[in-house]
Every structure is written in C-alpha cells, then in structure tokens.
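Undergrad: Right, I'll just put the structure down here and ask away after.
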Amino acid sequence: MSWEQRNNDYDRRGNDRNVNRNNEGGLSITKSFQNNGGGYRQNNDNRNNGGYQNNRGRGGNDNYRGGNGQYNNNNNYNNNNNNRYQGGRGGGGGGGGANRPDAPKKLPGNMMPRKEEVIPTSVQLAHQIMTRLGDFSAMTEQDDLYANIKALAHTFVNVGDLKAYPAEISDLVVKCFSQLSVQTPILASMLALIHTHEPEFTALVADKLQTRYLQAVAQDEVVVAKLLLRAVTCLSGALTFAVEGNGGLVEILTPLLTGLTQELAQNADNTKALRLSESAQAAAYLLSSTLVWAAPVLQSQGQEAFLQSARSALEQIKTQYVSAYALGGLQAVFSAFSPVDEDEEEEGGAVGANRVLSVGPGVYSAAGETLLSDGSAWDSLWESAVQALAVIDAVQQATAAGTIFEVPAFFNAHWNALIAEGLLPAEAGSPGSSIKLSFGATFAADWAAHSVGLGAKAAHCHPSGACTTAIGSTASSTWLRLRMNIFDASISPDCAHTAALNPLQKYAALTYLEDVFTFFDPVINEDGTKLGSMELLTTHLQAVFKLFPAGAHLEYVLIELLLQIVLQQPVNTALGTSVFRLILELCRAAPQVFPPVVALGANTIFQLLPDLDSGSVLEFGRWFSFHLINTQLAWPAHYWAFWVSEMQEALENGQEHGIPLFLRFVVEKISYAAIPDKVRVSVPPELHSLIPATTPANCILFQAEGGTGVSILSHIPGIAAEARHLRKLIEEKTDPEEVGDWLEEVSPGASEGMEHYSASGEPFCWRGCLLLQVLLHVGAQSSALSAMVGLLDRYSEPLLTHVTAEEHHLDLLAMLAEVYGGPNNASGNGYMYHYLLDEMMRRGQIGVSAAAKVLVDAQSGDWRGNPTVYQCVESLLDRSTDFVRAAVAQRALLGGVLVLDESLDLTPAAQPAEGDMEVTGWVSLLPSATNGEEQVDYDEEMDEEREEGNRKRTRRDPDQANDTTMTGQDEEQSTLWAAEEALKAALRNSRSVYSTVTTSLQAAIVIGGGGSAGESGEMDEGAANSGVGAAVTACSLLRRTLRVFHGTERHLAHQHQVPGAVVVSAAMEKVQAFLQQMSSVAGIDTSRWVAQIAAR
C-alpha cells in the first residue's frame, strides 16, 4: 500500500482515524497503539494464531494467550463453554467474568484510580505517527524512510491539524526531540519540510525547544539537553534554523565554549593533570557531543573561527584531561592502591599503573581513525572530545582539498537529499529561506539565569560525590560514564572482527545505545503504573544495529556498554538491577548471538579483577551470580577451569582480594538462591569449600531443638526456662506492651530488682539479648525472611526499652553473632547476619556507632577477603548518613534556620517543662503559626487518642502518670525538642562512625603499604601480598566512606540551603589533616578530595 493511500485514511474525520489493520507493505505507521500500563497494546483485528494475539501488550498486563486452555478466544468468547473467560464471582459464563478485557479493573486498596486525560483523536494519531517515523524496530528492508518523511510532512500540512492543535502537536515534537535519539534527525527533516508551508507552527516549536532546553540545563538534565542541541543542529543543517545572529546555533553553543575556556585559563599552569569542575565537565560534554554533528554544518556556513576556538579547547581536554575513572586516584574504578616499587615507578603515571592497563587518554592519528595508544581508563567526556576533534579535522581537511565532507549514513541526514531535490531552500532568496527559526534575542540573558544548575547533579553522582536520588548514598551519572576496552583484538582473537567499526562509528553506536537505554529503561511510577518494558527496551536496542553495516557485530558494543555500567563507581543499585535483567533478556531474545559475547566479556573482566576496585569486584559478582541463578547455573566448563587455576595461584601468593574475593562472593550468592546439591554439580569441585554451610539459627537457649555451645546468657540461672516461656508469648502473638511488662518483671535466679551482669562482671543488657534470641528463634521457624523482620517490627518497643546505652547495642551485636556466627565465622550464616544487621540498624535497634566498632578492625586480616564484612560496612556507611538525611529533613519541616556546622552543640538536652519556651529561646525556631498568633484546636477524639498514648508512654513511670494532657503549644514544643534531639543523635553517631572507620582503614592501608613489618622488620612475600590485599579493600572502603559522607554534606547544603558548612563527618581541620596523611601513603592522590571538601 502506498503512502498516498495511507494518507487518505489519515485525511478522513470521525471514527475512521483509528485504523486497526496491518499494512502489507511499507512502514505500519497507522496501527493503533493504546497505552496500557505505560506500554503499547497492539490490536491486530481479532485474529488468533495460537500464540500471543489480540491485546498483546508491550509493558502491559493484559496478555491473553489463545489456544492454550487459559483464555480460549478463538472467535467469540460467548460461543461455547470452552471459549469462556473464567471470571471470579461471575462464574465465567457468557461474558460475566471479571477477567474479560472490557471488564473494569479492581485496584488494590492502597491505589487511587487515576483520571485519564482526554486527548483528541487527531493528537493521538499524530503521536503514533511521530513515534513510529524512523522507528527501526518496526522497519524492514522494503521501507523507504526518505519517502515516508516527505509523505508525512505533506500529510501534516494538508490535514490541518497543525492549525487546529498547534500546542498539543508542538509539545509532541519537542518531547520526541528530547527522548528519541535515533529518530531526532529524521523528525528534524520532516519538521524542515513542514516549515516551508507552516512557519508559524515551527516557530512555536522553536520557542518550546528553547524553553525545554533551558529547563534541562537548569535541572542538570544533561542527556536531554544534548538531544535538544542535536535537534537544533539538524534543523540548522536543513537550513531551517539560523546559524548566526541572536538565538542562532553559534550563540547557543557559545556559552558552553566560554565556560569551558574560562576554566581552562584558570588551569593554564597545570598542563599534566587537568581536572574540571562539574559545570565545566557538563559544558565540555554538551559542546563536544554536539560538534560531532554540528562541525559540518558550521563549516559550510562559514563559522571557521568558532570551530577553531572549540578545537583549541577540546585539544587541551584530549591531551591534559584527567578522568575521574583514571587509574591512580581515589575516584578510580580500578584499585587506588599500588605498593611503591622504585624499579617499576614511571614518571608521569601512578605507581604501578602500567602493570596491566595503559593509563590516560588514548592517542589517535591526525585523522582520528587509528588508535595509536590505547587509553583503557577514559570516560564519555574524553571520548566525545576526541571524536569532535576528529570530525572537525576531517571537515577542515575536506574544505582545504576543495571537497565536501561526507556525512556518515548513520547520522540519517536526510535533509541533504531534500535540499538536493529542491524541497528545502538551498540558499538565501529561495522560497521559505527568508524565515529562519531561532531561540530569540533573549537567549543570552535566559542562559545566564538558568545555567547555574548545570553540573549540580553531577556533583552528587560523580565518582567523587554522593547522589541525591538513588536509594543509599551512591549513584552513577547518566552521562559521565566509564569507557574501557573490553572487547579488543589485543585481548582475545575472538574480538578481531570488532575492528570493522572505526572510532566514529563505535562512538555513534555507543551514544545511540546509551540514549535508548536511558529513555526506554522501564520504570514504575508512584501510582504503581509501569512505563515501558524489557521487551520494548531490548527491541529498540537491537534496532540500532540496523543503522550500521552488516557484520559490524554491534552485540559486542552493546554488551561492552552494559558491563561498563556494571563496573562504574559509584554503584547505583537501581540502575544495576536494570542492567542485570537487560543482559539476561538479550540472551533470551537472541540465544545464538548474545550468550557467547557475554561469556567472553565476563572472562575478560575476570582477568582484570586483581586491579579493580573491590566495590567494582563485588558489583561484577552480583551481576554474574544473578546471571547464573537465572540461567540454571550454566557456564562454560573451560572458563570455570581457567578461573579455578587463577584463584589457586592468587591464594598461593597470599592474595585474597580480586579473584578469590569474587569467586567466594559468587559461590555464596548462588548457594543462598539455589539448592546446595545443584550448586555442587554446577561449580568445579575446587570451589565446593566456598559453599557456605546451611547453618540454622543457633539459639543456644533452646538446646533441645538444636542449639549448641555456650551462650552469653548461659551464666544466668534459670534463663532457659524463661526463654521457653517468652517464646510461648511470642508464638501466641502477645501484645508487645504485655511482653514489655513481662520482661520488666522477670528476674531469674536473683532477688527482685537485682540486675544481672555479664560473665566478666560488666553491666549487661540481658533482657534485650533474651528477647532478641527468642525473636530470632521463632522467626527462623518460617522460611520467609519477612516473618523474622515482622517480629522485629512488632516487638521493637520492648526491645528498645532495654537498649539505652552503646554497651547495650554491643550486647545485641554479640547475640546476633552468637545466633548466626558473625561475618568472620566461616561456619556461620553470613548472609543472615548481614541482612538482620542492616534491618536492625534501620530500626535503631543496633546503633551505627556500636556496629562500626565491631565491624571495622584494622588488625583483623580475615575480613579483607570476606565479602560479607565488606557489605556490612557498606550498609553501616549508608545507614549512618541515612539517619542524618532523615533527621535534617524532619527538622527542616519545623522551620527556622538550620545550623549544622562545627559550632552546633551536640550535647543532649533535657525535655523542657511546660511554659519554658521563652526561656529556652526556641520560639524563634517555631513556625509563625505556633507563636501564639494561631492556636491549634483539637477535638475530643484527638484528645482521647493523645491521652491513651501518654498513658502507654508513662506506664512504667508513675511520676508522669498525672501529666496526661498537652496544649497545642506544648505539643509543638515537644515536637521541636524531639526533632532537635534526633538531629543531634544522628550527627553524633555519623561523626563517630566516620572517625572509627577512617582511622581503622588508614591503619590497614599503612600496614598493607609496609608501614608495619612485624618484630623481625621484614615481611615474606605471602605476608606482603596479604597486606596489599588488605590495603586494596581498605582503599575501596575509604573511597566509599569519603564519597558517602562528604557527598552527603554537599547534598544537604544544596537541598536545604543551609547557611554555612554542613559537618556530617568531622571538623575541617581534622579532615584536611587526615587527607594530608593519606597523600603520602602508597601514592594515593587526594588533591581532588581536598578541593571539594574545602568547598563545603
């Protein structure tokens, strides 16, 4: 069917707009796609071919399978008894069931129905057409994309919808430009054709492009800003958007170049280690990634001077820029620690840096085609600068030779063909050439107001910063990404064919794939609806392959990109989960293509493990264990054999980090997720010793039920009988208040009111330990972890009642280690220890300060190769800063000025008595509504609830029994006091954790670097390697500690506009002294940290 015939369908008005038929030729633009849970639901008549058919949903939940006995919809579901929807209460007869497609969906009780916006049919169809134009996932070899562009532009002009719905359709165009990376140049060509007939509509699009671009810059949406700049560049190439003048392409790019050159001038004396600020990095990335597309356009429009200025700036980045992922710095994805060896030390590089990988930017030939020196530790910023330089040089060389630079086919620059055909104005004076789009005369002023936010998110998602959005305290940047060669002919002969792609092709492929992954990654909205699907994502990723020559093997480029994200630091757990699932889905979608590539990539990274940061090693292990679990533990035997031999060699040399750490972590992960017998069959016999014992909860007080050993409670007479009684209360789901009363009254083997002590005679929280062991014992009877966590939640109040000092938290840690063996106990259950430790720290049942003293011990040599302790310390760091974030947010809600610097007195204050607000000086900190101008009225029901709450809180303190009422002012006062005390406690604990962790890690690094050689003064090779392994892991945790704490300080200052410094870690003088000490240990570079922390 021709496009002219299809356009006749589009020209009709009324119900004929939704065409639900399959076109047998060309691009199926007019198929009806209905939004179902964020995905597309394709309605191809009501035909059933035995597989997924009618209402097949990409990303939706209404997948009805015909012909398989579940939902028999072979013609009409009311025809016979075999073709009925089996409904719930309706019983399933003739359309009465609740599972019919047209039946209303019953939402869960915690979800509110969302009112769908009524969108005009014309706008819906325009949306379908725009998103499908250039959608290579639906294109075949018979489709003529160039003809489709012309036909659709003609249709949009003739139908009249651009005049009827200009606001709605212009919004669609801008949204497509900001998200559809592959389709941006195609849509730009169509818009250029529309411009020759409807300049008012395209002018509206230009205005909205400016608004969206400035919004993206202000919100630091760098990827969105990059795509919008690409759209403007494509429109300029089509001679539709102005290049010169106010709001033209050059004026849009000039602020980016100016900001970059100014910072380069400030670093003119530093010619070997150029480190850019976050805003300058973002500006350099936007400029360079745009010039890859814009250089031919600017050269053809006589903008040689601008290109030369940009070239000078980018040349400095190419030769002097130090990536945040470069080996040798605290921000490296590779290990920061290398022992000093004067024989191997090379000038200009980090100590030991060239043992495995070359460092710094790669060196290309003048044409930018040949990689002369591999730079394995570079990033997306440096890569964009190199490719922009290559394109600028090629364009200028073509101009000097009197030829025209040939735009690569994968740029989809169809506007050149439109100009050649005479459909677009080729020069001034041609029809339509007098009207040029631009951003307007106010762009320069608007940029100054909006560009302040550029780089703000990067400061918190940078390898040297913390995040602002992700769960935990780390996140990966969406644009500053690690780049390292995984598939290289020099690494493996299996990768030789990947050289078929030149650097520009590989760069474009990586850019397209990265953008598709960013915008098509499935997300779940706050209301529970799902946007996108893995099927849709994998389809569009593989569609990028069609842009490049056959035999380019882009599956290697795609897997390399995903593995780079896995290794990237800081780790974003949400992003990592998407990557894990995506690699698995790609292997399922193309089982003959992707599994061998994944296996080769995993083996290549495995060989780099000794030089990787321990955090990257464990994240790689998380992905690999996830992949094994979901592929029935299948892995090539020759890889297993090679990996085992490498592990044995490392252990013989005393190296517990790297390869041994990775394999131990992987075996533990799959052992907790699969049947142990199957694990023993799947992994080599040499790894069977790494399989953790399936140790149940060792509750010693219940020896008749498997408990063994001596408990920290065993010295208390009659404690076992009391434990059995308490277990009965817990199993009967006794009210927590009654359990608390029982704990207060019980006193086995002692006079009433007499407190017990530990076996060593120290004060002892035996009631809390008794309750914890009983809770763990009862919870262990269920196979669901949620049952144990539910018990910890339900009986949290009686547990916390008896935990009033840090020594009590240490007692609970000892009890947790007694039950599950602790993280260092090889016969224990490290998984359960870490899981419960994290859950109890979240609930405040175990204090982070006490946990730090137990987990981080500089003199312990076991945990450096123990992934369980590494994960426990990660949780400790995250929980410490989480409490501070929550306390600051709660305190900020009450108004007033936040003071979080070193001058804040963290001494606990007594709760003020009634009427003491004026004395304490807290009135100025309260919101204006509570300063006596407006009193809060409470009805009788609220008074009763408050009195009941007071009764429960004062149950154990008769002196407070009469104080059962509070006025509104008193309640506000009490709330403020509680928020202040919670903030103080959070800051005290976080500073204590920071001090404990950094001191212990520093000691471990000094010992590993040879600072302590023992009594003999010498260390044998095995001991030295063991010390190096400890230092590698200690460096990794130190890097994460600095990133989490100091990144949190920057985040809080930015989010809450705190005047002055925010001190979550330590006083500025102590931090600087610590970093100065570390700068002299093992060649660790701390200059970046000193500059960033000083700016807090």
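Ordered as shown in the structure tokens, chains take letters A, B, and onward, while each chain numbers its residues from 1 and ligands are numbered from 1 in the order shown.
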With only C-alpha atoms as the counted atoms, please give the residues lying no more than 8 Å from Ala282 of chain A, apart from itself and same-chain residues fewer than 4 positions off, as a ChimeraX atom specification.
TA: /A:222,278,286,454-455
Undergrad: Identify, with DSSP run on backbone atoms, the residues in segment 653-692 of chain A assigned to alpha helix (DSSP H), and express the list as a list in words.
TA: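 DSSP on the backbone gives alpha helix (DSSP H) at Ile659, Pro660, Leu661, Phe662, Leu663, Arg664, Phe665, Val666, Val667, Glu668, Lys669, Ile670, Ser671, Tyr672, Ala673, Pro676, Asp677, Lys678, Val679, Arg680, Val681 and Ser682 of chain A.
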Undergrad: How many Å lie between atom CA of Val1032 of chain A and atom CA of Ala650 of chain A, rounded to one decimal?
TA: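 A separation of 14.4 Å between them.
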Undergrad: May I have the residues within 10 Å of Val848 of chain A as a ChimeraX atom specification, using only C-alpha atoms and disregarding those fewer than 4 positions away in the same chain?
TA: /A:806,809,837-838,840-842,844,852-854,875-881,883,986,989-990,992-993
Undergrad: Which one is closest to Pro736 of chain A: A:Tyr512, A:Trp479, A:Tyr672, A:Tyr795? Count only C-alpha atoms.
TA: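 Smallest separation from Pro736 of chain A among the options: A:Tyr795.
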